[in-house]
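The structure file coords-v7.tsv is reproduced below (TSV, C-alpha atoms and all ligand atoms).
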```tsv
chain	number	residue	atom	x	y	z
N	109	MET	CA	104.51	84.03	-18.62
N	110	VAL	CA	105.19	80.81	-20.55
N	111	THR	CA	107.76	78.50	-18.95
N	112	MET	CA	110.05	77.28	-21.70
N	113	ARG	CA	110.72	73.54	-21.79
N	114	PRO	CA	114.04	71.95	-22.82
N	115	VAL	CA	113.92	70.55	-26.36
N	116	LYS	CA	115.92	67.75	-27.99
N	117	ILE	CA	116.28	66.24	-31.45
N	118	SER	CA	114.57	62.85	-31.11
N	119	GLY	CA	114.85	61.67	-34.74
N	120	LEU	CA	116.95	62.55	-37.79
N	121	SER	CA	117.00	61.37	-41.37
N	122	ALA	CA	118.05	62.62	-44.80
N	123	PHE	CA	117.29	61.65	-48.37
N	124	VAL	CA	118.70	62.36	-51.81
N	125	PRO	CA	117.18	61.19	-55.10
N	126	PRO	CA	119.12	58.35	-56.77
N	127	HIS	CA	120.12	60.07	-60.04
N	128	VAL	CA	123.71	61.41	-59.85
N	129	LEU	CA	124.98	64.30	-61.99
N	130	THR	CA	128.79	64.28	-61.96
N	131	ASN	CA	131.20	67.07	-62.87
N	132	GLU	CA	131.97	65.10	-66.02
N	133	ASP	CA	128.24	65.15	-66.92
N	134	ILE	CA	128.21	68.94	-66.44
N	135	GLU	CA	131.33	69.29	-68.64
N	136	LYS	CA	129.06	68.12	-71.47
N	137	LEU	CA	126.48	70.85	-70.74
N	138	VAL	CA	128.60	74.00	-70.25
N	139	ASP	CA	132.18	75.23	-70.71
N	140	THR	CA	133.65	74.01	-67.40
N	141	SER	CA	135.97	71.33	-66.07
N	142	ASN	CA	136.06	68.85	-63.24
N	143	ASP	CA	139.30	70.53	-62.07
N	144	TRP	CA	137.75	74.02	-61.92
N	145	ILE	CA	134.69	72.80	-60.01
N	146	LEU	CA	136.71	70.73	-57.55
N	147	GLN	CA	139.30	73.44	-56.90
N	148	ARG	CA	136.87	76.34	-56.53
N	149	THR	CA	134.07	74.55	-54.68
N	150	GLY	CA	135.07	71.03	-53.55
N	151	ILE	CA	132.04	69.51	-55.34
N	152	ARG	CA	132.40	66.29	-57.37
N	153	GLU	CA	128.78	65.29	-57.93
N	154	ARG	CA	125.23	66.10	-56.92
N	155	HIS	CA	121.90	64.23	-56.90
N	156	ILE	CA	119.07	65.41	-59.13
N	157	VAL	CA	115.40	64.40	-59.13
N	158	ASP	CA	113.76	62.76	-62.11
N	159	PRO	CA	111.22	64.94	-63.96
N	160	GLY	CA	107.94	65.27	-62.09
N	161	MET	CA	109.47	64.82	-58.63
N	162	ALA	CA	108.98	67.71	-56.19
N	163	THR	CA	110.29	68.85	-52.82
N	164	SER	CA	107.61	67.03	-50.79
N	165	ASP	CA	108.55	63.77	-52.57
N	166	ILE	CA	112.12	63.91	-51.30
N	167	ALA	CA	111.08	65.28	-47.90
N	168	LEU	CA	108.65	62.41	-47.33
N	169	PRO	CA	111.15	59.53	-46.84
N	170	ALA	CA	113.29	61.72	-44.56
N	171	ALA	CA	110.25	62.76	-42.50
N	172	ARG	CA	108.99	59.18	-42.15
N	173	ALA	CA	112.39	57.84	-41.05
N	174	ALA	CA	112.88	60.70	-38.55
N	175	MET	CA	109.45	59.96	-37.01
N	176	GLU	CA	110.27	56.27	-36.82
N	177	GLU	CA	113.51	56.98	-34.97
N	178	ALA	CA	111.67	59.30	-32.59
N	179	GLY	CA	109.23	56.47	-31.89
N	180	ILE	CA	106.17	58.57	-32.69
N	181	THR	CA	103.19	58.21	-35.01
N	182	PRO	CA	102.06	60.93	-37.46
N	183	ASP	CA	99.22	61.80	-35.07
N	184	ASP	CA	101.80	62.79	-32.43
N	185	ILE	CA	103.14	65.63	-34.60
N	186	GLY	CA	101.65	68.97	-33.52
N	187	PHE	CA	103.60	71.27	-35.84
N	188	ILE	CA	105.33	71.01	-39.22
N	189	VAL	CA	107.73	73.57	-40.67
N	190	VAL	CA	109.39	73.11	-44.04
N	191	GLY	CA	112.39	75.30	-44.83
N	192	THR	CA	112.50	75.48	-48.62
N	193	THR	CA	113.15	77.81	-51.55
N	194	THR	CA	111.61	75.39	-54.03
N	195	PRO	CA	108.14	74.53	-52.68
N	196	ASP	CA	106.07	72.09	-54.76
N	197	THR	CA	103.89	75.10	-55.66
N	198	ILE	CA	103.78	78.73	-54.49
N	199	PHE	CA	100.63	77.67	-52.70
N	200	PRO	CA	99.46	75.49	-51.07
N	201	SER	CA	102.54	75.18	-48.88
N	202	THR	CA	104.77	72.12	-48.99
N	203	ALA	CA	104.09	71.75	-45.24
N	204	CYS	CA	100.40	71.13	-46.13
N	205	VAL	CA	101.34	68.69	-48.90
N	206	LEU	CA	103.64	66.82	-46.51
N	207	GLN	CA	101.07	66.84	-43.70
N	208	ALA	CA	98.58	65.07	-45.99
N	209	LYS	CA	101.18	62.59	-47.25
N	210	ILE	CA	102.29	61.51	-43.78
N	211	GLY	CA	98.76	61.72	-42.32
N	212	ALA	CA	99.68	64.07	-39.48
N	213	SER	CA	96.06	64.75	-38.60
N	214	ASN	CA	96.80	66.87	-35.51
N	215	ALA	CA	99.42	69.15	-37.04
N	216	TRP	CA	99.40	72.72	-38.27
N	217	GLY	CA	102.33	74.36	-39.98
N	218	PHE	CA	103.81	76.33	-42.83
N	219	ASP	CA	106.77	76.80	-45.14
N	220	LEU	CA	109.65	79.02	-44.17
N	221	GLY	CA	111.70	80.98	-46.71
N	222	ALA	CA	115.27	81.62	-45.64
N	223	ALA	CA	117.13	80.04	-48.59
N	224	CYS	CA	120.29	78.30	-47.37
N	225	SER	CA	119.41	79.16	-43.75
N	226	GLY	CA	116.10	77.34	-44.22
N	227	PHE	CA	117.03	74.48	-41.92
N	228	THR	CA	118.63	76.54	-39.14
N	229	TYR	CA	115.65	78.93	-39.09
N	230	ALA	CA	113.06	76.12	-39.31
N	231	LEU	CA	114.82	74.29	-36.48
N	232	THR	CA	114.61	77.44	-34.38
N	233	VAL	CA	110.88	77.88	-35.06
N	234	GLY	CA	110.07	74.22	-34.36
N	235	TRP	CA	112.14	74.43	-31.17
N	236	GLN	CA	110.13	77.44	-29.91
N	237	MET	CA	106.85	75.60	-30.59
N	238	VAL	CA	107.87	72.62	-28.48
N	239	ALA	CA	109.58	74.77	-25.83
N	240	SER	CA	106.47	76.93	-25.35
N	241	GLY	CA	104.14	73.94	-25.11
N	242	ALA	CA	102.35	74.79	-28.36
N	243	ALA	CA	103.35	71.32	-29.64
N	244	GLU	CA	104.62	68.13	-28.02
N	245	HIS	CA	106.50	67.04	-31.14
N	246	ALA	CA	107.49	69.16	-34.13
N	247	LEU	CA	108.59	67.95	-37.55
N	248	VAL	CA	111.30	70.20	-38.99
N	249	VAL	CA	112.24	69.74	-42.63
N	250	GLY	CA	114.92	71.32	-44.81
N	251	ALA	CA	114.40	70.31	-48.44
N	252	ASP	CA	115.06	71.69	-51.89
N	253	VAL	CA	114.80	70.61	-55.49
N	254	MET	CA	117.31	73.17	-56.72
N	255	SER	CA	117.43	71.53	-60.14
N	256	SER	CA	113.96	73.02	-60.75
N	257	ILE	CA	115.37	76.58	-60.66
N	258	ILE	CA	118.90	76.04	-62.01
N	259	ASP	CA	119.85	77.19	-65.48
N	260	TYR	CA	121.89	74.33	-66.95
N	261	THR	CA	123.30	76.74	-69.55
N	262	ASP	CA	124.83	79.01	-66.84
N	263	ARG	CA	128.20	77.61	-65.75
N	264	SER	CA	128.51	80.03	-62.84
N	265	THR	CA	125.56	78.43	-61.00
N	266	CYS	CA	124.75	75.01	-62.49
N	267	VAL	CA	127.89	73.39	-61.08
N	268	LEU	CA	127.01	74.39	-57.52
N	269	PHE	CA	123.61	73.00	-56.64
N	270	GLY	CA	121.92	69.64	-56.04
N	271	ASP	CA	118.66	68.26	-54.67
N	272	GLY	CA	118.28	66.88	-51.16
N	273	ALA	CA	116.17	66.76	-48.02
N	274	GLY	CA	116.52	66.21	-44.31
N	275	ALA	CA	114.16	66.08	-41.36
N	276	VAL	CA	114.34	66.08	-37.61
N	277	VAL	CA	111.69	65.49	-34.97
N	278	LEU	CA	111.86	67.74	-31.92
N	279	SER	CA	110.52	66.58	-28.56
N	280	VAL	CA	110.68	67.64	-24.91
N	281	ALA	CA	114.02	66.72	-23.30
N	282	GLY	CA	114.23	65.08	-19.89
N	283	PRO	CA	116.04	66.96	-17.09
N	284	ASP	CA	119.45	65.37	-17.75
N	285	GLU	CA	119.14	64.93	-21.50
N	286	ALA	CA	121.19	66.64	-24.20
N	287	ARG	CA	119.27	69.48	-25.80
N	288	LEU	CA	119.23	72.47	-28.12
N	289	ILE	CA	121.12	75.23	-26.31
N	290	ASP	CA	120.91	78.57	-28.10
N	291	PHE	CA	120.78	80.30	-31.47
N	292	ALA	CA	121.96	83.54	-33.08
N	293	HIS	CA	120.50	84.68	-36.40
N	294	GLU	CA	120.70	87.82	-38.54
N	295	ILE	CA	119.26	89.03	-41.82
N	296	ASP	CA	120.65	91.70	-44.14
N	297	GLY	CA	118.28	92.59	-46.96
N	298	HIS	CA	120.87	94.73	-48.71
N	299	GLY	CA	122.31	91.49	-50.05
N	300	GLY	CA	119.16	90.58	-51.98
N	301	PRO	CA	120.35	91.26	-55.53
N	302	ALA	CA	123.52	89.19	-55.06
N	303	LEU	CA	121.59	85.91	-54.95
N	304	CYS	CA	118.02	85.70	-56.18
N	305	MET	CA	115.48	84.38	-58.66
N	306	PRO	CA	114.35	87.59	-60.41
N	307	ALA	CA	110.88	86.54	-61.66
N	308	GLY	CA	107.94	84.38	-60.67
N	309	GLY	CA	106.92	86.42	-57.64
N	310	SER	CA	104.55	89.40	-57.40
N	311	ARG	CA	107.21	91.88	-58.63
N	312	ARG	CA	107.76	90.09	-61.96
N	313	PRO	CA	105.01	87.52	-62.54
N	314	ALA	CA	105.71	84.87	-65.15
N	315	SER	CA	105.36	86.15	-68.69
N	316	HIS	CA	106.76	85.30	-72.11
N	317	GLU	CA	109.32	88.03	-71.52
N	318	THR	CA	110.52	86.69	-68.13
N	319	ILE	CA	110.81	83.22	-69.61
N	320	ASP	CA	112.69	84.44	-72.69
N	321	GLN	CA	115.08	86.34	-70.41
N	322	ARG	CA	115.67	83.21	-68.26
N	323	MET	CA	114.53	85.08	-65.15
N	324	HIS	CA	113.04	82.02	-63.42
N	325	PHE	CA	116.48	80.69	-62.55
N	326	VAL	CA	118.98	81.33	-59.74
N	327	LYS	CA	121.23	84.35	-60.42
N	328	GLN	CA	124.30	84.83	-58.26
N	329	GLU	CA	127.18	87.28	-57.94
N	330	GLY	CA	129.46	84.52	-56.71
N	331	ALA	CA	132.32	86.61	-55.35
N	332	THR	CA	129.98	88.97	-53.40
N	333	VAL	CA	128.20	86.05	-51.76
N	334	PHE	CA	131.48	84.27	-51.11
N	335	LYS	CA	133.01	87.25	-49.25
N	336	PHE	CA	129.85	87.81	-47.20
N	337	ALA	CA	129.61	84.11	-46.33
N	338	VAL	CA	133.23	83.88	-45.19
N	339	ARG	CA	132.93	87.00	-43.01
N	340	LYS	CA	129.49	86.30	-41.55
N	341	SER	CA	129.85	82.57	-40.85
N	342	GLY	CA	132.90	83.34	-38.73
N	343	GLU	CA	131.29	86.33	-37.01
N	344	ILE	CA	128.06	84.57	-36.08
N	345	ALA	CA	129.91	81.50	-34.84
N	346	VAL	CA	132.20	83.55	-32.61
N	347	ARG	CA	129.24	85.61	-31.33
N	348	LEU	CA	127.25	82.55	-30.28
N	349	LEU	CA	130.22	80.70	-28.81
N	350	SER	CA	131.44	83.78	-26.86
N	351	LYS	CA	127.97	84.32	-25.40
N	352	HIS	CA	128.41	80.94	-23.70
N	353	GLY	CA	132.06	81.46	-22.77
N	354	LEU	CA	133.12	78.90	-25.39
N	355	THR	CA	135.70	78.70	-28.16
N	356	GLY	CA	136.17	76.31	-31.05
N	357	ALA	CA	138.27	74.12	-28.76
N	358	ASP	CA	135.13	73.28	-26.74
N	359	LEU	CA	133.23	71.98	-29.77
N	360	SER	CA	133.00	68.32	-30.70
N	361	LEU	CA	131.81	69.03	-34.23
N	362	TYR	CA	131.14	71.96	-36.58
N	363	VAL	CA	128.40	71.40	-39.17
N	364	SER	CA	128.12	74.23	-41.66
N	365	HIS	CA	125.80	74.83	-44.57
N	366	GLN	CA	127.59	73.18	-47.50
N	367	ALA	CA	128.06	75.73	-50.30
N	368	ASN	CA	131.79	75.85	-50.84
N	369	ARG	CA	134.65	73.97	-49.19
N	370	ARG	CA	136.71	77.18	-49.03
N	371	ILE	CA	133.98	79.01	-47.05
N	372	ILE	CA	133.74	76.17	-44.52
N	373	GLU	CA	137.51	75.90	-44.09
N	374	ALA	CA	137.93	79.67	-43.68
N	375	THR	CA	135.23	79.68	-40.98
N	376	ALA	CA	136.76	76.70	-39.20
N	377	GLU	CA	140.10	78.50	-39.15
N	378	ARG	CA	138.47	81.65	-37.79
N	379	ILE	CA	136.90	79.68	-34.91
N	380	GLY	CA	140.18	77.84	-34.32
N	381	LEU	CA	138.79	74.41	-35.12
N	382	ALA	CA	140.89	71.36	-35.86
N	383	PRO	CA	140.05	69.93	-39.33
N	384	GLU	CA	138.81	66.64	-37.84
N	385	LYS	CA	136.00	68.56	-36.10
N	386	VAL	CA	134.64	69.96	-39.37
N	387	VAL	CA	132.02	68.10	-41.42
N	388	ILE	CA	132.35	68.55	-45.18
N	389	ASN	CA	130.21	66.34	-47.42
N	390	LEU	CA	129.46	68.73	-50.31
N	391	GLU	CA	131.75	66.65	-52.52
N	392	ARG	CA	128.88	64.18	-53.02
N	393	TYR	CA	125.81	66.44	-52.89
N	394	GLY	CA	126.75	69.99	-53.88
N	395	ASN	CA	124.70	72.77	-52.31
N	396	THR	CA	121.22	71.39	-51.54
N	397	THR	CA	120.18	74.73	-49.94
N	398	ALA	CA	117.92	73.88	-46.94
N	399	GLY	CA	118.93	70.21	-47.17
N	400	THR	CA	122.66	70.58	-46.48
N	401	ILE	CA	122.79	70.64	-42.68
N	402	PRO	CA	120.52	67.65	-41.95
N	403	LEU	CA	122.34	65.76	-44.73
N	404	ALA	CA	125.68	66.58	-43.11
N	405	LEU	CA	124.40	65.63	-39.63
N	406	ALA	CA	123.08	62.31	-40.97
N	407	ASP	CA	126.38	61.54	-42.73
N	408	ALA	CA	128.46	62.50	-39.68
N	409	ARG	CA	126.35	60.23	-37.51
N	410	ALA	CA	126.58	57.34	-39.99
N	411	ASP	CA	130.39	57.76	-40.03
N	412	GLY	CA	130.53	57.63	-36.22
N	413	ARG	CA	131.73	61.25	-36.02
N	414	LEU	CA	128.55	62.58	-34.37
N	415	LYS	CA	127.80	60.96	-31.02
N	416	LYS	CA	125.38	61.40	-28.16
N	417	GLY	CA	126.42	64.25	-25.86
N	418	ASP	CA	128.60	65.99	-28.48
N	419	LEU	CA	128.65	69.79	-28.40
N	420	VAL	CA	127.79	70.83	-31.97
N	421	LEU	CA	127.71	74.18	-33.76
N	422	LEU	CA	125.62	74.69	-36.89
N	423	THR	CA	126.01	77.75	-39.14
N	424	SER	CA	124.42	78.89	-42.38
N	425	VAL	CA	124.55	81.83	-44.77
N	426	GLY	CA	122.06	82.17	-47.60
N	427	ALA	CA	120.20	84.43	-49.97
N	428	GLY	CA	118.58	87.45	-48.37
N	429	PHE	CA	121.13	87.56	-46.87
N	430	THR	CA	120.21	85.21	-44.04
N	431	VAL	CA	122.73	84.19	-41.40
N	432	GLY	CA	122.13	81.47	-38.83
N	433	SER	CA	123.85	79.57	-36.05
N	434	ILE	CA	122.67	77.04	-33.50
N	435	LEU	CA	124.52	75.52	-30.57
N	436	LEU	CA	123.31	72.15	-29.34
N	437	ARG	CA	124.21	69.00	-27.50
N	438	TRP	CA	123.53	65.99	-29.69
N	439	SER	CA	120.82	63.82	-28.15
N	440	LEU	CA	120.69	60.64	-30.28
W	1	LIG	O1	124.54	78.75	-50.49
W	1	LIG	C1	124.21	80.07	-50.77
W	1	LIG	C2	125.37	80.88	-50.75
W	1	LIG	N1	126.18	80.65	-51.92
W	1	LIG	C3	127.48	80.56	-51.76
W	1	LIG	O2	127.94	80.54	-50.66
W	1	LIG	C4	128.34	80.55	-53.00
W	1	LIG	C5	129.41	81.59	-52.83
W	1	LIG	N2	130.29	81.76	-53.98
W	1	LIG	C6	131.16	80.79	-54.38
W	1	LIG	O3	131.17	79.71	-53.86
W	1	LIG	C7	132.14	81.16	-55.42
W	1	LIG	O4	132.12	82.55	-55.62
W	1	LIG	C8	131.94	80.44	-56.78
W	1	LIG	C9	132.31	78.99	-56.64
W	1	LIG	C10	130.50	80.58	-57.22
W	1	LIG	C11	132.84	81.06	-57.84
W	1	LIG	O5	134.18	80.99	-57.43
W	1	LIG	P1	135.11	82.30	-57.53
W	1	LIG	O6	136.45	81.86	-57.12
W	1	LIG	O7	134.45	83.38	-56.73
W	1	LIG	O8	135.09	82.59	-59.07
W	1	LIG	P2	134.55	83.90	-59.84
W	1	LIG	O9	133.07	83.97	-59.77
W	1	LIG	O10	135.33	85.08	-59.37
W	1	LIG	O11	134.99	83.54	-61.31
W	1	LIG	C12	136.35	83.35	-61.65
W	1	LIG	C13	136.43	82.94	-63.11
W	1	LIG	C14	135.62	83.84	-64.04
W	1	LIG	O12	136.35	83.98	-65.23
W	1	LIG	P3	137.17	85.35	-65.51
W	1	LIG	O13	136.14	86.43	-65.50
W	1	LIG	O14	138.16	85.45	-64.40
W	1	LIG	O15	137.78	85.07	-66.85
W	1	LIG	C15	134.37	83.02	-64.32
W	1	LIG	O16	133.82	83.32	-65.58
W	1	LIG	O17	135.89	81.62	-63.27
W	1	LIG	C16	134.92	81.62	-64.31
W	1	LIG	N3	133.93	80.61	-64.02
W	1	LIG	C17	134.06	79.33	-64.40
W	1	LIG	N4	135.01	78.70	-65.09
W	1	LIG	C18	134.86	77.39	-65.30
W	1	LIG	C19	132.77	80.74	-63.32
W	1	LIG	N5	132.15	79.56	-63.24
W	1	LIG	C20	132.92	78.67	-63.90
W	1	LIG	C21	132.81	77.30	-64.16
W	1	LIG	N6	133.80	76.69	-64.86
W	1	LIG	N7	131.78	76.56	-63.73
```
Entire entry expressed as structure tokens:
Amino acid sequence: MVTMRPVKISGLSAFVPPHVLTNEDIEKLVDTSNDWILQRTGIRERHIVDPGMATSDIALPAARAAMEEAGITPDDIGFIVVGTTTPDTIFPSTACVLQAKIGASNAWGFDLGAACSGFTYALTVGWQMVASGAAEHALVVGADVMSSIIDYTDRSTCVLFGDGAGAVVLSVAGPDEARLIDFAHEIDGHGGPALCMPAGGSRRPASHETIDQRMHFVKQEGATVFKFAVRKSGEIAVRLLSKHGLTGADLSLYVSHQANRRIIEATAERIGLAPEKVVINLERYGNTTAGTIPLALADARADGRLKKGDLVLLTSVGAGFTVGSILLRWSL
């Protein structure tokens, strides 16, 4: 039997491209208003890549900075996992592209598709690799260029998403060091049609027809996803906390996937969390899919809200549906 080793986050960084698309900019593209977007979602602006820039390009600076903080060289990385819905290409994987760019000559790895739970699921996979001894250090990335699959003529989706990336390095924790504690995840494939990109896969390969019908863009039944996200974020959080005899009162910080301010606040209320323990930064980035949680962790740390030893809960709900939660003690 494999003895599992304790695992910690030894480096964290996030990156967004410089170009900002504000609500006022979007008002010029579709029939919407800054007031509607702010009230219904909490989003003010999002960052968008320039043409030609792909997911690995925004993941690269985050990955490099996370490795630098961890004090390791690319050769020390044994495993790379990239949570993404917008890989540079369907194949080869963005993990391979990133491996070559950073020169991680001893790494293997792959992309992981879990939509907005991309980071929580990738973190769990990287964690198991280091815990089992399969790798000494793992590079875990959550990154998406959502602007590549957003229909900027569809007001129900184009106001929601932005581009962004984050990365952590995972390493073995010393006996008394803060570490990743536990996770609870679920998938429910019945939710598939509520949030999807209908074409471009093996079911509906790209054709003139799929392009004419705008099927290579994100389609969402907003209210269905909203209700599921509110219910499941609360449920998964309570399940994981209760397993450890904890309640919201024990947490130092709650870092949710950033899709909608109302979803995060409803979940925080369900867990009984004081507002000051809840990280909300979607105002500046929108929903960056797999990028949201590392972006929120990086912002919370920069603001002095996330400190070494803090007990932190992460949760995510995404297309699939995918549901994720991770409990950890912050180690940086
Ligand atoms: O990260 C992955 C998971 N995704 C999510 O968690 C997103 C979950 N869903 C949501 O966040 C919300 O459902 C939305 C923000 C997408 C929509 O908010 P809502 O309160 O559920 O609005 P709705 O979809 O029920 O639409 C209400 C009205 C509709 O008009 P009618 O039919 O009532 O006349 C929409 O046509 O708002 C209209 N609408 C808009 N109006 C102005 C939809 N989008 C817009 C818009 N600007 N951008």
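Minimum atom-to-atom distance to ligand LIG 1 (chain W), evaluated using only C-alpha atoms and all ligand atoms, belongs to N:Asp143 out of N:Asp407, N:Glu391, N:Asp143, N:Asp320.
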Problem - Close residues to ligand LIG 1 (chain W) using only C-alpha atoms and all ligand atoms, limit 6 Å, as a ChimeraX atom specification - result: /N:140-141,144,148-149,224,263-264,267,330-331,333-334,337,367-368,397,426-427
Exercise for the section: Using all atoms listed in the file, find the one residue out of N:Asp252, N:Glu373, N:Glu132, N:Asp271 that sits nearest to Gly150 in chain N. Expected result: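 Comparing N:Asp252, N:Glu373, N:Glu132, N:Asp271 against Gly150 in chain N, the winner is N:Glu373.
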Problem - One-decimal distance in Å that lies between CA of Ala122 in chain N and CA of Arg172 in chain N - result: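 Separation of CA of Arg172 in chain N and CA of Ala122 in chain N: 10.0 Å.
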Fill in the blank from the handout: Closest of N:Gln328, N:Ser240, N:Asn131, N:Thr202 to Glu153 in chain N, counting all atoms listed in the file, is N:Asn131
Problem - Close residues, Ala345 in chain N itself excluded, 12 Å, only C-alpha atoms, min 6 positions apart in chain, as a ChimeraX atom specification - result: /N:290-294,337-339,351-352,354-356,359,362-364,372,375-381,420-425,431-435
Problem - Which residue of N:Gly297, N:Lys415, N:Thr192, N:Leu168 approaches Ala208 in chain N most closely, using only C-alpha atoms - result: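 Ranked by minimum distance to Ala208 in chain N, first place goes to N:Leu168.
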Practice task
Measure the distance from CA of Val205 in chain N to CA of Ile319 in chain N in Å and round it to one decimal.
Solution key: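 Going from CA of Val205 in chain N over to CA of Ile319 in chain N covers 27.0 Å.
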Handout entry: All residues 9 Å or closer to Met237 in chain N, only C-alpha atoms, same chain fewer than 6 positions away omitted, as a list in words
Key =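 Here the answer would be Gly186, Phe187, Ala243, Glu244, His245 and Ala246 of chain N.
Closest approach to Leu390 in chain N among N:Gly272, N:Glu317, N:Gly160, N:Asp358 is made by N:Gly272 (distances from only C-alpha atoms).
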Let me have the centre and edge lengths of the axis-aligned box enclosing all listed atoms of range 217-231 of chain N with 5 Å padding on every side, in Å to one decimal, as AutoDock Vina command-line options.
```
--center_x 111.3 --center_y 78.0 --center_z -42.5 --size_x 28.0 --size_y 17.3 --size_z 22.1
```
Exercise for the section: Record the distance separating CA of Ala223 in chain N and CA of Thr318 in chain N, expressed in Å with one decimal. Expected result: 21.7 Å
Exercise for the section: May I have the protein, DNA and RNA residues with an atom at most 7 Å from (118.8, 74.0, -45.7), counting all atoms listed in the file in the file's coordinates, returned as a ChimeraX atom specification? Expected result: /N:191,223-227,250-251,396-401
Take the residues from that selection and write them out as an mmCIF file, in the frame of the given file, keeping C-alpha atoms.
```cif
data_model
loop_
_atom_site.group_PDB
_atom_site.id
_atom_site.type_symbol
_atom_site.label_atom_id
_atom_site.label_comp_id
_atom_site.auth_asym_id
_atom_site.auth_seq_id
_atom_site.Cartn_x
_atom_site.Cartn_y
_atom_site.Cartn_z
ATOM 1 C CA GLY N 191 112.390 75.300 -44.830
ATOM 2 C CA ALA N 223 117.130 80.040 -48.590
ATOM 3 C CA CYS N 224 120.290 78.300 -47.370
ATOM 4 C CA SER N 225 119.410 79.160 -43.750
ATOM 5 C CA GLY N 226 116.100 77.340 -44.220
ATOM 6 C CA PHE N 227 117.030 74.480 -41.920
ATOM 7 C CA GLY N 250 114.920 71.320 -44.810
ATOM 8 C CA ALA N 251 114.400 70.310 -48.440
ATOM 9 C CA THR N 396 121.220 71.390 -51.540
ATOM 10 C CA THR N 397 120.180 74.730 -49.940
ATOM 11 C CA ALA N 398 117.920 73.880 -46.940
ATOM 12 C CA GLY N 399 118.930 70.210 -47.170
ATOM 13 C CA THR N 400 122.660 70.580 -46.480
ATOM 14 C CA ILE N 401 122.790 70.640 -42.680
#
```
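Nearest to Val248 in chain N of all the residues N:Gly270, N:Gly353, N:Gly217, N:Gly412 is N:Gly217, based on all atoms listed in the file.
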Problem - Selection near range 114-121 of chain N, 6 Å with only C-alpha atoms, sequence-local residues under 4 positions removed, as a ChimeraX atom specification - result: /N:170,173-174,177-178,274-281,287-288
